[in-house]
Amino acid sequence: MWNKKLREIDLSQSLIFLFLFALLFLFILYPLIRILYVAFTEGSRFSLTHFINFFERALFKESFFNSLTAGLMAVFFGSLISLPLAFFTIKYDFKGRTLIQTLGVLPLVLPPYVGAVALQLILGRSGMLNLLLLEWFDTSFPFMEGLKGVVLVQTLHYFPFIFLNASASLANVDPSLEEAAENMGAHGFRLFRRVTLPLMMPGYIAGALLVFIKVIDDLATPLILNYTKMLAPQAYLRVTTIGIEDKAGYVICVIMVILSFISLWAAMKFLSLSEYAMIQRGGTGIPISKKIGGMKLVLVWVFSIFVLGISLIPHLGIFLLSFAKVWSFSVLPKAYTLNHYIEIFYRTPHFVKNTLLYCLLAACFGVLLGSLIAFLLIRGRIFGKAILDAVAMMPLAIPGVVLATGYLRVFHGTPLPWIHQPLTSLWMILVIAYTARRLPYTLRSCYAAIQQIHISLEEAALNLGANRRKTFFKITFPMMTGGLIAGGLLAFITSSVELSSTIMLVPRMEYGPLSYGIYIYMQSAVGRGPGAALGVVAILLVAVGTYLVNKVFGGGSGTAFKL
Amino acid sequence: MIQATEVKLIDLKKSFGEVEAVKGVTLTIEKGDFFTFLGPSGCGKTTILRMIAGFTRPDSGRILFDGQEVNEVPPWKRNVGMVFQNYALWPHLSVFENVAFGLKERNLPKSIIQEKTRKALAMVDLEGMERRRPSELSGGQQQRVALARTLVIEPRLLLLDEPLSNLDAKLRIQMRHELVRIQKNLKITTLYVTHDQEEALILSTRIAVMSRGKVLQIGTPKEIYENPKSQEVADFVGTSNFFLGKVIRVRGEWLDMETDEGFPLRVRKEEGMAPALGEKFILNIRPESIQLAYPHEATLEENRIEGRVKSSTYLGSSVQYEVEVEGGKKVKANVVNPRKKAIFEEGEKVILTFSSEDVVPIPLK
């Protein structure tokens, strides 16, 4: 039997596999292992002392609970926004529902730390709303202070993940299942509670867990809002101020990884359940959505305008700020200028240039790696597919801070041959980090692209007389390019606003990309204008990219952002 | 106990955008009928069923249950039970919970729900499956759960939308018997939608043959098959041969006709027919009423047509022939029980014969 198995294994494929696995090991697994090693040892012996110390320190304990709280709150408020929106736009048919669907995804194009700045201008202590409140009612409300502000920003930025996943699973509920319930005497809210809700639950929960992972991962929002009592900022502060020898930083990293892994595992578990809602879908020809009018329609619009209005405030704020000459202690800017754009395009053009360069490279590497891995997974005759898949998908659950810390730990003290500099002193480290962090996305796109090419399509071409080379160029390649481009674009746009690993890994100021530029500018009052201008550039990049991705995917808005 | 209901549809119409799905259907379904809507896909039969269940609103016309209009009654208050084509079993609920769903909606006490659900599952031979999920059942078992779920609420009507189309051939035949047995036991008025003519003939007490949103003919299976009122009905229910014939002589009960191809045919006059000389009819001859013989062996004097065998298909219980007759027309003939009979080869010359009783004249409209 072993002989037979061995004969089925392809030697050249195995070599590619080894090469790929070595890469993934070096840039994903090994840094993680090193972090675990440091966190769990005391003088090269296994020890839990650092974890015990962690939970004995009030600041860490508070940070831990704050991160958990922020995650849960963002999920809770995000659900309050997303579930009604999803229900309305899927179940009801009315003019403008596509608009609501599109606007409901728009918050994703705004990096949360950019949104944080904008929200401070509008809801902050001396922001637009509080100035108005002071003027009219002689009172003010600290929307943006402390954990509240972080949760507010994260909710407004991440709720679309819940919205998209809940919408998708709701749309997948076979309408005849609901009709059967009506036929049995159920209707209205009872029908929703007994049939619709349980059926859409897995997709919703997957979206919720995704938000939780993102909140744990988010370093930049708390930093910008100057609220550091959370896990990610604590890890960042330990590593950057005390140094990479400090044990506490690693312990925090491990805790973040554990939280993310549990959530990701649960999300995948729930998603695999959600497939049951789709059995026997199609063929019934029953429309999913009902036409509505009257009072119901008014309520739908009032709700949608209210929540989407709030979630789009940051976009407006950042736009105004990028043109504002002076904007402090006033409701709207007092004067407008183009100087901020001149600054970022002429005085510090490297931010935008670097982003284009790094992200383009990361996208190319990602697609190359992704398609090779996907090909091996689908068509390969090799051992160890499952391991390859698992390692490649792992970055989904590795927070940026953790990956960056791992890179610093692994590469910092080791000069490369010939260059005589460690990898962490080169800008290439950012490209590597981006490629690794987005690999799950590119891999998934490539996987889908290759999987849809059923082997019989190629066999048909071979059967009709095309040779292998012609078959590849005429059938295989044209069929998979769409998916590959989409995967690359996705990697590009998400990398272009990536900040949590960027902050830690930028070797020198002039190597910094756009996201880093925004962060640096936002540190000072005079930098807010150019920072906002960079923010607008980031939004445009992501918006155009997202548009193109959806164009290529051909799906509805936000296909790309579903888990 | 289930109270059988009479259903009346009066000038029922429904359009989807530009498409007129149902174009004014009027009919009555008697109490306890097993009534089948038979027609090709897209003929509007499912739309009628969905209007009766209350899922689709008619554009105009009335739906009456026992004389009471139900047009404005929402689906959850109509108390009609529908079995969906894909069964529509709730995947998140167990078999027991699926069946008990409607009883729970009716706020019955727990003990009664338990008892009724068990009885319903027993009726469809599914005892012991209570805790399974629908996905753990075979197609046939899912079908039974759907039926039990529908019947347990004691609906006034049973609506079945192509319920057997997802089953394999053997199971389909078994479920047909089951359906007839249950329907007879409960005496429930049943509306059945199918495109399978064989199924319709076997199951129904009455059939409505539909095409393009209209009812072509309503009748018992025997009436529909043996006396189709139009070529379309004859063509859809079973296979048939059609000739266009002109009356040349009326002799008591018999009509002498001549087909367009010039064949003289003798036809039995239908009751109430008063044909004029020269009037044209479509002459409908079922393949199984045609005999084949070598020219020297043919005994019947009338209704003989000469032809040449184009193809023969051996089916075991019968042989299907296609015979080309003079003028190029191909006539289908079925010879049953071919065990001891000669099988005609392709190209052989044969005589087709059939009794005058088996030629059904359909007036040209």
# chains A, B, ... in the order shown; residues from 1 in each chain; ligands from 1
$ residues_around --residues "Glu105 of chain B" --least-positions-apart "4" --cutoff "9 Å" --atoms "only C-alpha atoms" --output "MDAnalysis selection string"
(chainID A and resid 184:186 190) or (chainID B and resid 100:101)
$ residues_around --residues "Gly67 of chain B" --least-positions-apart "4" --cutoff "9 Å" --atoms "only C-alpha atoms" --output "list in words"
Glu6, Val7, Lys8 and Ile63 of chain B
$ write_last_selection --atoms "C-alpha atoms" --output "short mmCIF file (atom, residue, chain, number, x, y, z; two decimals), in the first residue's frame"
data_model
loop_
_atom_site.label_atom_id
_atom_site.label_comp_id
_atom_site.auth_asym_id
_atom_site.auth_seq_id
_atom_site.Cartn_x
_atom_site.Cartn_y
_atom_site.Cartn_z
CA GLU B 6 -64.96 22.09 -1.31
CA VAL B 7 -62.83 24.57 -3.27
CA LYS B 8 -64.14 26.92 -5.92
CA ILE B 63 -61.07 31.64 -4.12
#
$ interface_residues --of "chain B" --to "chain A" --cutoff "7 Å" --atoms "only C-alpha atoms" --output "ChimeraX atom specification"
/B:75-77,80-82,86,88-92,102,105
$ write_last_selection --atoms "C-alpha atoms" --output "PDB file, in the first residue's frame"
ATOM      1  CA  PRO B  75     -51.599  31.982   4.768  1.00  0.00           C
ATOM      2  CA  TRP B  76     -51.170  31.344   8.479  1.00  0.00           C
ATOM      3  CA  LYS B  77     -54.912  31.494   9.041  1.00  0.00           C
ATOM      4  CA  VAL B  80     -54.436  24.396   4.447  1.00  0.00           C
ATOM      5  CA  GLY B  81     -51.473  22.049   4.529  1.00  0.00           C
ATOM      6  CA  MET B  82     -48.887  22.293   1.809  1.00  0.00           C
ATOM      7  CA  ASN B  86     -38.237  20.489  -1.899  1.00  0.00           C
ATOM      8  CA  ALA B  88     -38.910  22.668   3.050  1.00  0.00           C
ATOM      9  CA  LEU B  89     -38.019  20.833   6.235  1.00  0.00           C
ATOM     10  CA  TRP B  90     -36.397  23.139   8.751  1.00  0.00           C
ATOM     11  CA  PRO B  91     -32.802  21.989   9.001  1.00  0.00           C
ATOM     12  CA  HIS B  92     -32.300  23.414  12.493  1.00  0.00           C
ATOM     13  CA  GLY B 102     -47.757  23.696  13.582  1.00  0.00           C
ATOM     14  CA  GLU B 105     -48.281  27.504  16.755  1.00  0.00           C
TER      15      GLU B 105
END
$ residues_around --residues "Arg438 of chain A" --least-positions-apart "6" --cutoff "9 Å" --atoms "only C-alpha atoms" --output "list in words"
Ala362, Ala363, Gly366, Pro395, Leu396, Leu490, Ala491, Phe492, Thr494 and Ser495 of chain A
$ residues_around --residues "Ser230 of chain B" --least-positions-apart "2" --cutoff "9 Å" --atoms "only C-alpha atoms" --output "number ranges by chain"
B: 216-217, 227-228, 232-235, 282, 362-365
$ residues_around --residues "Val209 of chain B" --least-positions-apart "6" --cutoff "9 Å" --atoms "only C-alpha atoms" --output "PDB file with N, CA and C atoms, in the first residue's frame"
ATOM      1  N   THR B  36     -55.970  16.827  -9.549  1.00  0.00           N
ATOM      2  CA  THR B  36     -54.615  17.085 -10.033  1.00  0.00           C
ATOM      3  C   THR B  36     -54.588  18.175 -11.095  1.00  0.00           C
ATOM      4  N   PHE B  37     -53.673  19.118 -10.921  1.00  0.00           N
ATOM      5  CA  PHE B  37     -53.377  20.068 -11.992  1.00  0.00           C
ATOM      6  C   PHE B  37     -52.213  19.498 -12.783  1.00  0.00           C
ATOM      7  N   LEU B  38     -52.471  19.148 -14.038  1.00  0.00           N
ATOM      8  CA  LEU B  38     -51.453  18.510 -14.856  1.00  0.00           C
ATOM      9  C   LEU B  38     -51.083  19.447 -16.001  1.00  0.00           C
ATOM     10  N   GLY B  39     -49.790  19.649 -16.189  1.00  0.00           N
ATOM     11  CA  GLY B  39     -49.383  20.501 -17.307  1.00  0.00           C
ATOM     12  C   GLY B  39     -47.882  20.640 -17.340  1.00  0.00           C
ATOM     13  N   VAL B 215     -57.018  26.283 -18.300  1.00  0.00           N
ATOM     14  CA  VAL B 215     -57.419  24.892 -18.132  1.00  0.00           C
ATOM     15  C   VAL B 215     -57.983  24.405 -19.462  1.00  0.00           C
ATOM     16  N   LEU B 216     -57.411  23.325 -20.015  1.00  0.00           N
ATOM     17  CA  LEU B 216     -57.872  22.822 -21.304  1.00  0.00           C
ATOM     18  C   LEU B 216     -59.045  21.877 -21.140  1.00  0.00           C
ATOM     19  N   GLN B 217     -58.976  21.044 -20.111  1.00  0.00           N
ATOM     20  CA  GLN B 217     -60.030  20.056 -19.931  1.00  0.00           C
ATOM     21  C   GLN B 217     -60.005  19.559 -18.501  1.00  0.00           C
ATOM     22  N   ILE B 218     -61.209  19.337 -17.956  1.00  0.00           N
ATOM     23  CA  ILE B 218     -61.301  18.747 -16.624  1.00  0.00           C
ATOM     24  C   ILE B 218     -62.067  17.451 -16.745  1.00  0.00           C
ATOM     25  N   GLY B 219     -61.594  16.396 -16.105  1.00  0.00           N
ATOM     26  CA  GLY B 219     -62.329  15.137 -16.174  1.00  0.00           C
ATOM     27  C   GLY B 219     -61.658  14.065 -15.375  1.00  0.00           C
ATOM     28  N   ILE B 224     -60.123  11.876 -19.614  1.00  0.00           N
ATOM     29  CA  ILE B 224     -59.018  12.662 -20.167  1.00  0.00           C
ATOM     30  C   ILE B 224     -58.221  11.839 -21.172  1.00  0.00           C
ATOM     31  N   VAL B 233     -54.505  18.230 -25.420  1.00  0.00           N
ATOM     32  CA  VAL B 233     -54.705  17.328 -24.292  1.00  0.00           C
ATOM     33  C   VAL B 233     -54.259  15.923 -24.678  1.00  0.00           C
ATOM     34  N   PHE B 236     -50.546  15.760 -24.714  1.00  0.00           N
ATOM     35  CA  PHE B 236     -49.848  15.876 -23.435  1.00  0.00           C
ATOM     36  C   PHE B 236     -50.075  14.645 -22.566  1.00  0.00           C
ATOM     37  N   VAL B 237     -51.312  14.106 -22.602  1.00  0.00           N
ATOM     38  CA  VAL B 237     -51.595  12.924 -21.790  1.00  0.00           C
ATOM     39  C   VAL B 237     -51.376  11.699 -22.658  1.00  0.00           C
TER      40      VAL B 237
END
